[in-house]
Amino acid sequence: MEFLNTRIDNLTFDETLDRIEALIDNGAGGYVVTPNVDHIVQLETNEKLRKAYQEAALSLTDGQPLIWISKWLRCPIKEKISGSDLFPRLCELSVRKGYRMYFLGAAPGVAELAAENLKKKYPGLQIVGICAPEYGFEKNEAQKEKIWQDIHKTQPQVLIVALGAPKQEIFLWEHRKELKGILAFGFGACLDFEAGRIKRAPRWMQRSGMEWFYRLCKEPRRLFKRYLIDDMKILPIVWKYRKVGRNENRN
């Protein structure tokens, strides 16, 4: 459905997993985006990010504030499906179906540690490749070609990209032709969580929509501007698009 300035696949968690399984099994390839408040704000001014969102195979709501906004606008989104919650379920699905995974991104050593931890949690999980590219690699054609050669050589069905937004979404859009037979996910900090480098908020904070506050307390210098200044731009955006999705929801 249309929601604010983007499109949302309005699915429950179980419906999402069924859709992901179908996308992987049909082998067409593509990538998944997970819009949150920060993404919605950036979509207003970032043309490349808008194009990335337009061509995504799946768009899932990441963030309780967007659920609240959807209810206020009377076009309710069924469920919050954050990358951090979806990733473990994707690992379970990959074990059950025999999907091969490749990790791209995070700081050196983080993806390796995450892979070790995940293999202990999900016996049988196939992680066939790991790459932590150096900063600025996306501007180096030779480096990008080498990365894609390694990805194609290992033949994953699932590609986890942890480069941070909007870099990961734009990277996947720019290289969407490389994704034949691969479903990619821009999962930001998920590898850091699984490696134990960053701790997630307690469950009650996740459920109450206060996970952002927990992360702000943990990383105030990095996240202050994003959460307390930039993300406040969501308010005029909500007003601007307040009628988007309502007619569709009534049909």
# chains A, B, ... in the order shown; residues from 1 in each chain; ligands from 1
$ closest_atom_pairs --of "segment 80-187 of chain A" --to "segment 17-39 of chain A" --cutoff "6 Å" --atoms "only C-alpha atoms" --output "JSON lines"
{"residue": "A:Leu179", "atom": "CA", "partner": "A:Gly29", "partner_atom": "CA", "distance": 5.2}
{"residue": "A:Lys180", "atom": "CA", "partner": "A:Gly29", "partner_atom": "CA", "distance": 4.5}
{"residue": "A:Gly181", "atom": "CA", "partner": "A:Gly27", "partner_atom": "CA", "distance": 4.3}
{"residue": "A:Ile182", "atom": "CA", "partner": "A:Gly29", "partner_atom": "CA", "distance": 4.5}
{"residue": "A:Leu183", "atom": "CA", "partner": "A:Gly29", "partner_atom": "CA", "distance": 4.9}
{"residue": "A:Ala184", "atom": "CA", "partner": "A:Tyr31", "partner_atom": "CA", "distance": 4.4}
{"residue": "A:Phe185", "atom": "CA", "partner": "A:Val32", "partner_atom": "CA", "distance": 5.0}
$ select_by_dssp --residues "segment 28-148 of chain A" --states "alpha helix (DSSP H)" --output "PyMOL selection string"
chain A and resi 37-43+47-54+64-72+83-97+110-121+141-148
$ residues_around --residues "segment 191-197 of chain A" --least-positions-apart "4" --cutoff "10 Å" --atoms "only C-alpha atoms" --output "mmCIF file with all heavy atoms, in the first residue's frame"
data_model
loop_
_atom_site.group_PDB
_atom_site.id
_atom_site.type_symbol
_atom_site.label_atom_id
_atom_site.label_comp_id
_atom_site.auth_asym_id
_atom_site.auth_seq_id
_atom_site.Cartn_x
_atom_site.Cartn_y
_atom_site.Cartn_z
ATOM 1 N N SER A 84 16.257 -6.373 12.648
ATOM 2 C CA SER A 84 16.851 -7.070 13.796
ATOM 3 C C SER A 84 16.003 -8.243 14.249
ATOM 4 O O SER A 84 16.527 -9.246 14.746
ATOM 5 C CB SER A 84 17.035 -6.089 14.958
ATOM 6 O OG SER A 84 17.826 -5.001 14.554
ATOM 7 N N PHE A 87 16.005 -10.993 11.009
ATOM 8 C CA PHE A 87 17.239 -11.723 10.732
ATOM 9 C C PHE A 87 17.283 -13.111 11.379
ATOM 10 O O PHE A 87 17.593 -14.106 10.697
ATOM 11 C CB PHE A 87 18.439 -10.866 11.161
ATOM 12 C CG PHE A 87 19.777 -11.427 10.758
ATOM 13 C CD1 PHE A 87 19.939 -12.160 9.598
ATOM 14 C CD2 PHE A 87 20.900 -11.203 11.553
ATOM 15 C CE1 PHE A 87 21.178 -12.660 9.224
ATOM 16 C CE2 PHE A 87 22.139 -11.694 11.200
ATOM 17 C CZ PHE A 87 22.288 -12.434 10.036
ATOM 18 N N PRO A 88 16.977 -13.245 12.672
ATOM 19 C CA PRO A 88 16.991 -14.599 13.257
ATOM 20 C C PRO A 88 15.994 -15.543 12.588
ATOM 21 O O PRO A 88 16.295 -16.729 12.393
ATOM 22 C CB PRO A 88 16.613 -14.351 14.725
ATOM 23 C CG PRO A 88 16.974 -12.929 14.974
ATOM 24 C CD PRO A 88 16.698 -12.218 13.694
ATOM 25 N N PHE A 103 27.666 -12.668 3.927
ATOM 26 C CA PHE A 103 27.647 -11.438 4.717
ATOM 27 C C PHE A 103 28.568 -10.405 4.084
ATOM 28 O O PHE A 103 29.762 -10.659 3.883
ATOM 29 C CB PHE A 103 28.114 -11.687 6.152
ATOM 30 C CG PHE A 103 27.205 -12.563 6.971
ATOM 31 C CD1 PHE A 103 27.644 -13.100 8.175
ATOM 32 C CD2 PHE A 103 25.915 -12.843 6.555
ATOM 33 C CE1 PHE A 103 26.814 -13.905 8.950
ATOM 34 C CE2 PHE A 103 25.071 -13.644 7.316
ATOM 35 C CZ PHE A 103 25.526 -14.182 8.510
ATOM 36 N N LEU A 104 28.027 -9.227 3.803
ATOM 37 C CA LEU A 104 28.810 -8.123 3.241
ATOM 38 C C LEU A 104 28.652 -6.901 4.129
ATOM 39 O O LEU A 104 27.538 -6.400 4.314
ATOM 40 C CB LEU A 104 28.329 -7.794 1.819
ATOM 41 C CG LEU A 104 28.928 -6.551 1.153
ATOM 42 C CD1 LEU A 104 30.438 -6.699 0.957
ATOM 43 C CD2 LEU A 104 28.244 -6.287 -0.192
ATOM 44 N N GLY A 105 29.772 -6.443 4.705
ATOM 45 C CA GLY A 105 29.707 -5.231 5.513
ATOM 46 C C GLY A 105 30.149 -5.442 6.945
ATOM 47 O O GLY A 105 30.727 -6.471 7.295
ATOM 48 N N ALA A 106 29.887 -4.431 7.767
ATOM 49 C CA ALA A 106 30.302 -4.362 9.173
ATOM 50 C C ALA A 106 31.811 -4.138 9.260
ATOM 51 O O ALA A 106 32.539 -4.254 8.273
ATOM 52 C CB ALA A 106 29.878 -5.601 9.961
ATOM 53 N N ALA A 107 32.282 -3.839 10.450
ATOM 54 C CA ALA A 107 33.707 -3.585 10.666
ATOM 55 C C ALA A 107 34.494 -4.894 10.574
ATOM 56 O O ALA A 107 33.929 -5.976 10.762
ATOM 57 C CB ALA A 107 33.916 -2.932 12.033
ATOM 58 N N GLY A 109 36.217 -8.179 11.219
ATOM 59 C CA GLY A 109 36.101 -9.138 12.309
ATOM 60 C C GLY A 109 34.701 -9.303 12.863
ATOM 61 O O GLY A 109 34.394 -10.337 13.483
ATOM 62 N N VAL A 110 33.826 -8.330 12.632
ATOM 63 C CA VAL A 110 32.470 -8.384 13.192
ATOM 64 C C VAL A 110 31.643 -9.466 12.517
ATOM 65 O O VAL A 110 30.974 -10.274 13.183
ATOM 66 C CB VAL A 110 31.769 -7.012 13.072
ATOM 67 C CG1 VAL A 110 30.285 -7.130 13.443
ATOM 68 C CG2 VAL A 110 32.448 -5.993 13.970
ATOM 69 N N ALA A 111 31.664 -9.508 11.198
ATOM 70 C CA ALA A 111 30.874 -10.511 10.474
ATOM 71 C C ALA A 111 31.357 -11.922 10.790
ATOM 72 O O ALA A 111 30.550 -12.851 10.903
ATOM 73 C CB ALA A 111 30.928 -10.250 8.978
ATOM 74 N N GLU A 112 32.680 -12.092 10.933
ATOM 75 C CA GLU A 112 33.220 -13.414 11.277
ATOM 76 C C GLU A 112 32.714 -13.867 12.648
ATOM 77 O O GLU A 112 32.323 -15.030 12.820
ATOM 78 C CB GLU A 112 34.756 -13.377 11.277
ATOM 79 C CG GLU A 112 35.389 -13.307 9.903
ATOM 80 C CD GLU A 112 35.508 -11.871 9.388
ATOM 81 O OE1 GLU A 112 34.965 -10.953 10.048
ATOM 82 O OE2 GLU A 112 36.134 -11.676 8.333
ATOM 83 N N LEU A 113 32.735 -12.965 13.612
ATOM 84 C CA LEU A 113 32.250 -13.310 14.959
ATOM 85 C C LEU A 113 30.756 -13.569 14.936
ATOM 86 O O LEU A 113 30.273 -14.523 15.579
ATOM 87 C CB LEU A 113 32.578 -12.172 15.932
ATOM 88 C CG LEU A 113 32.179 -12.398 17.396
ATOM 89 C CD1 LEU A 113 32.786 -13.680 17.939
ATOM 90 C CD2 LEU A 113 32.622 -11.192 18.248
ATOM 91 N N ALA A 114 30.021 -12.755 14.191
ATOM 92 C CA ALA A 114 28.583 -12.985 14.056
ATOM 93 C C ALA A 114 28.316 -14.348 13.447
ATOM 94 O O ALA A 114 27.423 -15.077 13.894
ATOM 95 C CB ALA A 114 27.954 -11.881 13.206
ATOM 96 N N ALA A 115 29.092 -14.713 12.436
ATOM 97 C CA ALA A 115 28.916 -16.015 11.776
ATOM 98 C C ALA A 115 29.170 -17.163 12.756
ATOM 99 O O ALA A 115 28.415 -18.146 12.777
ATOM 100 C CB ALA A 115 29.862 -16.128 10.574
ATOM 101 N N GLU A 116 30.210 -17.036 13.568
ATOM 102 C CA GLU A 116 30.503 -18.075 14.565
ATOM 103 C C GLU A 116 29.339 -18.240 15.531
ATOM 104 O O GLU A 116 28.913 -19.369 15.839
ATOM 105 C CB GLU A 116 31.777 -17.720 15.343
ATOM 106 C CG GLU A 116 33.060 -17.811 14.535
ATOM 107 C CD GLU A 116 34.270 -17.389 15.359
ATOM 108 O OE1 GLU A 116 34.153 -17.340 16.608
ATOM 109 O OE2 GLU A 116 35.321 -17.102 14.764
ATOM 110 N N ASN A 117 28.826 -17.119 16.021
ATOM 111 C CA ASN A 117 27.719 -17.167 16.976
ATOM 112 C C ASN A 117 26.450 -17.742 16.346
ATOM 113 O O ASN A 117 25.720 -18.520 16.971
ATOM 114 C CB ASN A 117 27.441 -15.769 17.534
ATOM 115 C CG ASN A 117 28.576 -15.248 18.392
ATOM 116 O OD1 ASN A 117 29.402 -16.017 18.890
ATOM 117 N ND2 ASN A 117 28.640 -13.939 18.583
ATOM 118 N N LEU A 118 26.185 -17.336 15.119
ATOM 119 C CA LEU A 118 24.973 -17.798 14.439
ATOM 120 C C LEU A 118 25.024 -19.296 14.149
ATOM 121 O O LEU A 118 24.007 -19.989 14.248
ATOM 122 C CB LEU A 118 24.777 -17.011 13.138
ATOM 123 C CG LEU A 118 24.337 -15.555 13.308
ATOM 124 C CD1 LEU A 118 24.527 -14.780 12.017
ATOM 125 C CD2 LEU A 118 22.874 -15.489 13.754
ATOM 126 N N ILE A 160 23.288 -10.743 2.997
ATOM 127 C CA ILE A 160 23.069 -9.798 4.083
ATOM 128 C C ILE A 160 24.056 -8.651 3.919
ATOM 129 O O ILE A 160 25.270 -8.858 3.948
ATOM 130 C CB ILE A 160 23.253 -10.459 5.463
ATOM 131 C CG1 ILE A 160 22.355 -11.693 5.609
ATOM 132 C CG2 ILE A 160 23.012 -9.450 6.578
ATOM 133 C CD1 ILE A 160 20.877 -11.402 5.507
ATOM 134 N N VAL A 161 23.524 -7.434 3.723
ATOM 135 C CA VAL A 161 24.364 -6.261 3.499
ATOM 136 C C VAL A 161 24.235 -5.331 4.702
ATOM 137 O O VAL A 161 23.146 -4.832 5.002
ATOM 138 C CB VAL A 161 23.960 -5.534 2.203
ATOM 139 C CG1 VAL A 161 24.857 -4.323 1.972
ATOM 140 C CG2 VAL A 161 24.051 -6.489 1.012
ATOM 141 N N ALA A 162 25.340 -5.108 5.389
ATOM 142 C CA ALA A 162 25.346 -4.285 6.608
ATOM 143 C C ALA A 162 26.286 -3.106 6.409
ATOM 144 O O ALA A 162 27.378 -3.058 6.976
ATOM 145 C CB ALA A 162 25.770 -5.129 7.809
ATOM 146 N N PHE A 187 20.470 -4.809 6.227
ATOM 147 C CA PHE A 187 20.150 -5.058 7.633
ATOM 148 C C PHE A 187 20.986 -4.249 8.624
ATOM 149 O O PHE A 187 21.028 -4.580 9.804
ATOM 150 C CB PHE A 187 20.296 -6.547 7.937
ATOM 151 C CG PHE A 187 19.022 -7.339 7.704
ATOM 152 C CD1 PHE A 187 19.036 -8.718 7.793
ATOM 153 C CD2 PHE A 187 17.830 -6.718 7.408
ATOM 154 C CE1 PHE A 187 17.874 -9.462 7.590
ATOM 155 C CE2 PHE A 187 16.670 -7.452 7.199
ATOM 156 C CZ PHE A 187 16.692 -8.829 7.288
#
$ closest_residue --among "A:Met210, A:Lys233, A:Asn46, A:Glu141" --to "His175 of chain A" --atoms "only C-alpha atoms"
A:Glu141
$ residues_around --residues "Val95 of chain A" --least-positions-apart "2" --cutoff "10 Å" --atoms "only C-alpha atoms" --output "list in words"
Arg89, Leu90, Cys91, Glu92, Leu93, Lys97, Gly98, Tyr99, Arg100, Lys119, Tyr122, Pro123, Gly124, Leu125 and Gln126 of chain A
$ atom_distance --atom1 "atom CA of Leu11 of chain A" --atom2 "atom CA of Asp230 of chain A"
27.9 Å
$ atom_distance --atom1 "atom CA of Phe13 of chain A" --atom2 "atom CA of Ile69 of chain A"
19.2 Å
$ residues_around --residues "Arg215 of chain A" --least-positions-apart "3" --cutoff "10 Å" --atoms "only C-alpha atoms" --output "ChimeraX atom specification"
/A:198-201,210-212,218-220,222-224,227
$ write_last_selection --atoms "all heavy atoms" --output "short mmCIF file (atom, residue, chain, number, x, y, z; two decimals), in the first residue's frame"
data_model
loop_
_atom_site.label_atom_id
_atom_site.label_comp_id
_atom_site.auth_asym_id
_atom_site.auth_seq_id
_atom_site.Cartn_x
_atom_site.Cartn_y
_atom_site.Cartn_z
N ILE A 198 27.20 -4.66 19.71
CA ILE A 198 26.18 -3.72 20.16
C ILE A 198 25.06 -4.52 20.80
O ILE A 198 24.62 -5.53 20.23
CB ILE A 198 25.62 -2.88 19.00
CG1 ILE A 198 26.73 -2.05 18.35
CG2 ILE A 198 24.50 -1.97 19.49
CD1 ILE A 198 26.28 -1.28 17.13
N LYS A 199 24.59 -4.11 21.95
CA LYS A 199 23.51 -4.81 22.64
C LYS A 199 22.17 -4.18 22.29
O LYS A 199 22.04 -2.96 22.28
CB LYS A 199 23.74 -4.75 24.15
CG LYS A 199 22.78 -5.61 24.95
CD LYS A 199 23.12 -5.56 26.43
CE LYS A 199 22.14 -6.40 27.24
NZ LYS A 199 22.45 -6.34 28.69
N ARG A 200 21.19 -5.02 21.99
CA ARG A 200 19.84 -4.52 21.69
C ARG A 200 19.14 -4.09 22.98
O ARG A 200 19.48 -4.54 24.08
CB ARG A 200 18.99 -5.59 21.00
CG ARG A 200 19.30 -5.78 19.54
CD ARG A 200 18.16 -6.48 18.83
NE ARG A 200 17.01 -5.60 18.62
CZ ARG A 200 15.86 -5.99 18.10
NH1 ARG A 200 15.69 -7.27 17.75
NH2 ARG A 200 14.87 -5.14 17.93
N ALA A 201 18.17 -3.24 22.80
CA ALA A 201 17.37 -2.77 23.93
C ALA A 201 16.59 -3.93 24.56
O ALA A 201 16.30 -4.93 23.87
CB ALA A 201 16.40 -1.70 23.47
N MET A 210 10.51 2.27 22.27
CA MET A 210 11.55 3.08 22.89
C MET A 210 12.96 2.58 22.58
O MET A 210 13.92 3.01 23.22
CB MET A 210 11.33 3.11 24.41
CG MET A 210 10.08 3.85 24.83
SD MET A 210 10.15 5.60 24.39
CE MET A 210 11.45 6.17 25.49
N GLU A 211 13.09 1.70 21.61
CA GLU A 211 14.41 1.17 21.28
C GLU A 211 15.35 2.29 20.82
O GLU A 211 16.55 2.27 21.09
CB GLU A 211 14.31 0.09 20.21
CG GLU A 211 15.61 -0.66 19.98
CD GLU A 211 15.45 -1.93 19.17
OE1 GLU A 211 14.35 -2.15 18.62
OE2 GLU A 211 16.41 -2.71 19.09
N TRP A 212 14.79 3.28 20.12
CA TRP A 212 15.60 4.41 19.65
C TRP A 212 16.23 5.14 20.84
O TRP A 212 17.38 5.59 20.76
CB TRP A 212 14.74 5.38 18.84
CG TRP A 212 13.71 6.11 19.66
CD1 TRP A 212 12.44 5.70 19.93
CD2 TRP A 212 13.89 7.35 20.34
NE1 TRP A 212 11.81 6.62 20.74
CE2 TRP A 212 12.66 7.65 21.00
CE3 TRP A 212 14.95 8.26 20.44
CZ2 TRP A 212 12.49 8.80 21.77
CZ3 TRP A 212 14.78 9.41 21.21
CH2 TRP A 212 13.55 9.67 21.85
N LYS A 218 23.15 4.79 24.41
CA LYS A 218 24.37 4.02 24.20
C LYS A 218 25.36 4.74 23.29
O LYS A 218 26.58 4.63 23.47
CB LYS A 218 24.02 2.65 23.59
CG LYS A 218 23.32 1.70 24.54
CD LYS A 218 24.26 1.24 25.63
CE LYS A 218 23.61 0.21 26.53
NZ LYS A 218 24.53 -0.26 27.59
N GLU A 219 24.84 5.47 22.28
CA GLU A 219 25.70 6.14 21.30
C GLU A 219 25.23 7.59 21.10
O GLU A 219 24.82 7.96 20.00
CB GLU A 219 25.70 5.40 19.96
CG GLU A 219 26.16 3.96 20.03
CD GLU A 219 26.11 3.29 18.66
OE1 GLU A 219 27.10 3.42 17.91
OE2 GLU A 219 25.08 2.67 18.35
N PRO A 220 25.28 8.42 22.14
CA PRO A 220 24.70 9.77 22.05
C PRO A 220 25.39 10.66 21.01
O PRO A 220 24.71 11.41 20.30
CB PRO A 220 24.88 10.32 23.47
CG PRO A 220 25.98 9.51 24.07
CD PRO A 220 25.83 8.14 23.49
N ARG A 222 26.92 9.86 18.22
CA ARG A 222 26.63 9.46 16.84
C ARG A 222 25.17 9.64 16.47
O ARG A 222 24.84 9.98 15.33
CB ARG A 222 27.03 7.98 16.63
CG ARG A 222 26.90 7.52 15.19
CD ARG A 222 27.42 6.13 15.01
NE ARG A 222 26.51 5.12 15.52
CZ ARG A 222 25.51 4.60 14.81
NH1 ARG A 222 25.28 5.01 13.57
NH2 ARG A 222 24.72 3.67 15.33
N LEU A 223 24.26 9.44 17.43
CA LEU A 223 22.83 9.38 17.10
C LEU A 223 22.02 10.61 17.52
O LEU A 223 20.85 10.70 17.18
CB LEU A 223 22.22 8.12 17.75
CG LEU A 223 22.75 6.79 17.22
CD1 LEU A 223 22.15 5.63 18.01
CD2 LEU A 223 22.48 6.63 15.74
N PHE A 224 22.64 11.54 18.25
CA PHE A 224 21.88 12.70 18.73
C PHE A 224 21.23 13.47 17.58
O PHE A 224 20.02 13.74 17.60
CB PHE A 224 22.79 13.63 19.54
CG PHE A 224 22.10 14.90 20.00
CD1 PHE A 224 21.35 14.92 21.17
CD2 PHE A 224 22.17 16.07 19.24
CE1 PHE A 224 20.71 16.07 21.59
CE2 PHE A 224 21.52 17.22 19.65
CZ PHE A 224 20.79 17.22 20.82
N TYR A 227 18.36 11.33 15.70
CA TYR A 227 17.11 11.06 16.41
C TYR A 227 16.39 12.32 16.88
O TYR A 227 15.15 12.38 16.83
CB TYR A 227 17.38 10.16 17.62
CG TYR A 227 17.63 8.71 17.27
CD1 TYR A 227 18.41 7.90 18.09
CD2 TYR A 227 17.10 8.13 16.12
CE1 TYR A 227 18.65 6.58 17.78
CE2 TYR A 227 17.33 6.81 15.80
CZ TYR A 227 18.10 6.03 16.64
OH TYR A 227 18.33 4.72 16.32
#
$ residues_around --residues "Ile147 of chain A" --least-positions-apart "5" --cutoff "9 Å" --atoms "only C-alpha atoms" --output "number ranges by chain"
A: 104, 131, 133, 142, 152
$ atom_distance --atom1 "atom CA of Glu169 of chain A" --atom2 "atom CA of Arg242 of chain A"
25.6 Å
$ closest_residue --among "A:Leu172, A:Ala189, A:Ala132, A:Leu66" --to "Ala52 of chain A" --atoms "only C-alpha atoms"
A:Leu172
$ residues_around --residues "segment 75-79 of chain A" --least-positions-apart "2" --cutoff "10 Å" --atoms "only C-alpha atoms" --output "JSON, numbers by chain"
{"A": [1, 2, 3, 8, 9, 10, 11, 12, 13, 60, 61, 62, 63, 64, 66, 67, 68, 69, 70, 71, 72, 73, 81, 82, 242, 243, 244, 245, 246, 247, 248, 249, 250]}
$ select_by_dssp --residues "segment 51-211 of chain A" --states "strand (DSSP E or B)" --output "PyMOL selection string"
chain A and resi 58-59+100-105+126-131+158-162+183-186
$ closest_residue --among "A:Leu4, A:Ala165, A:Cys217, A:Met101" --to "Ile237 of chain A" --atoms "only C-alpha atoms"
A:Leu4
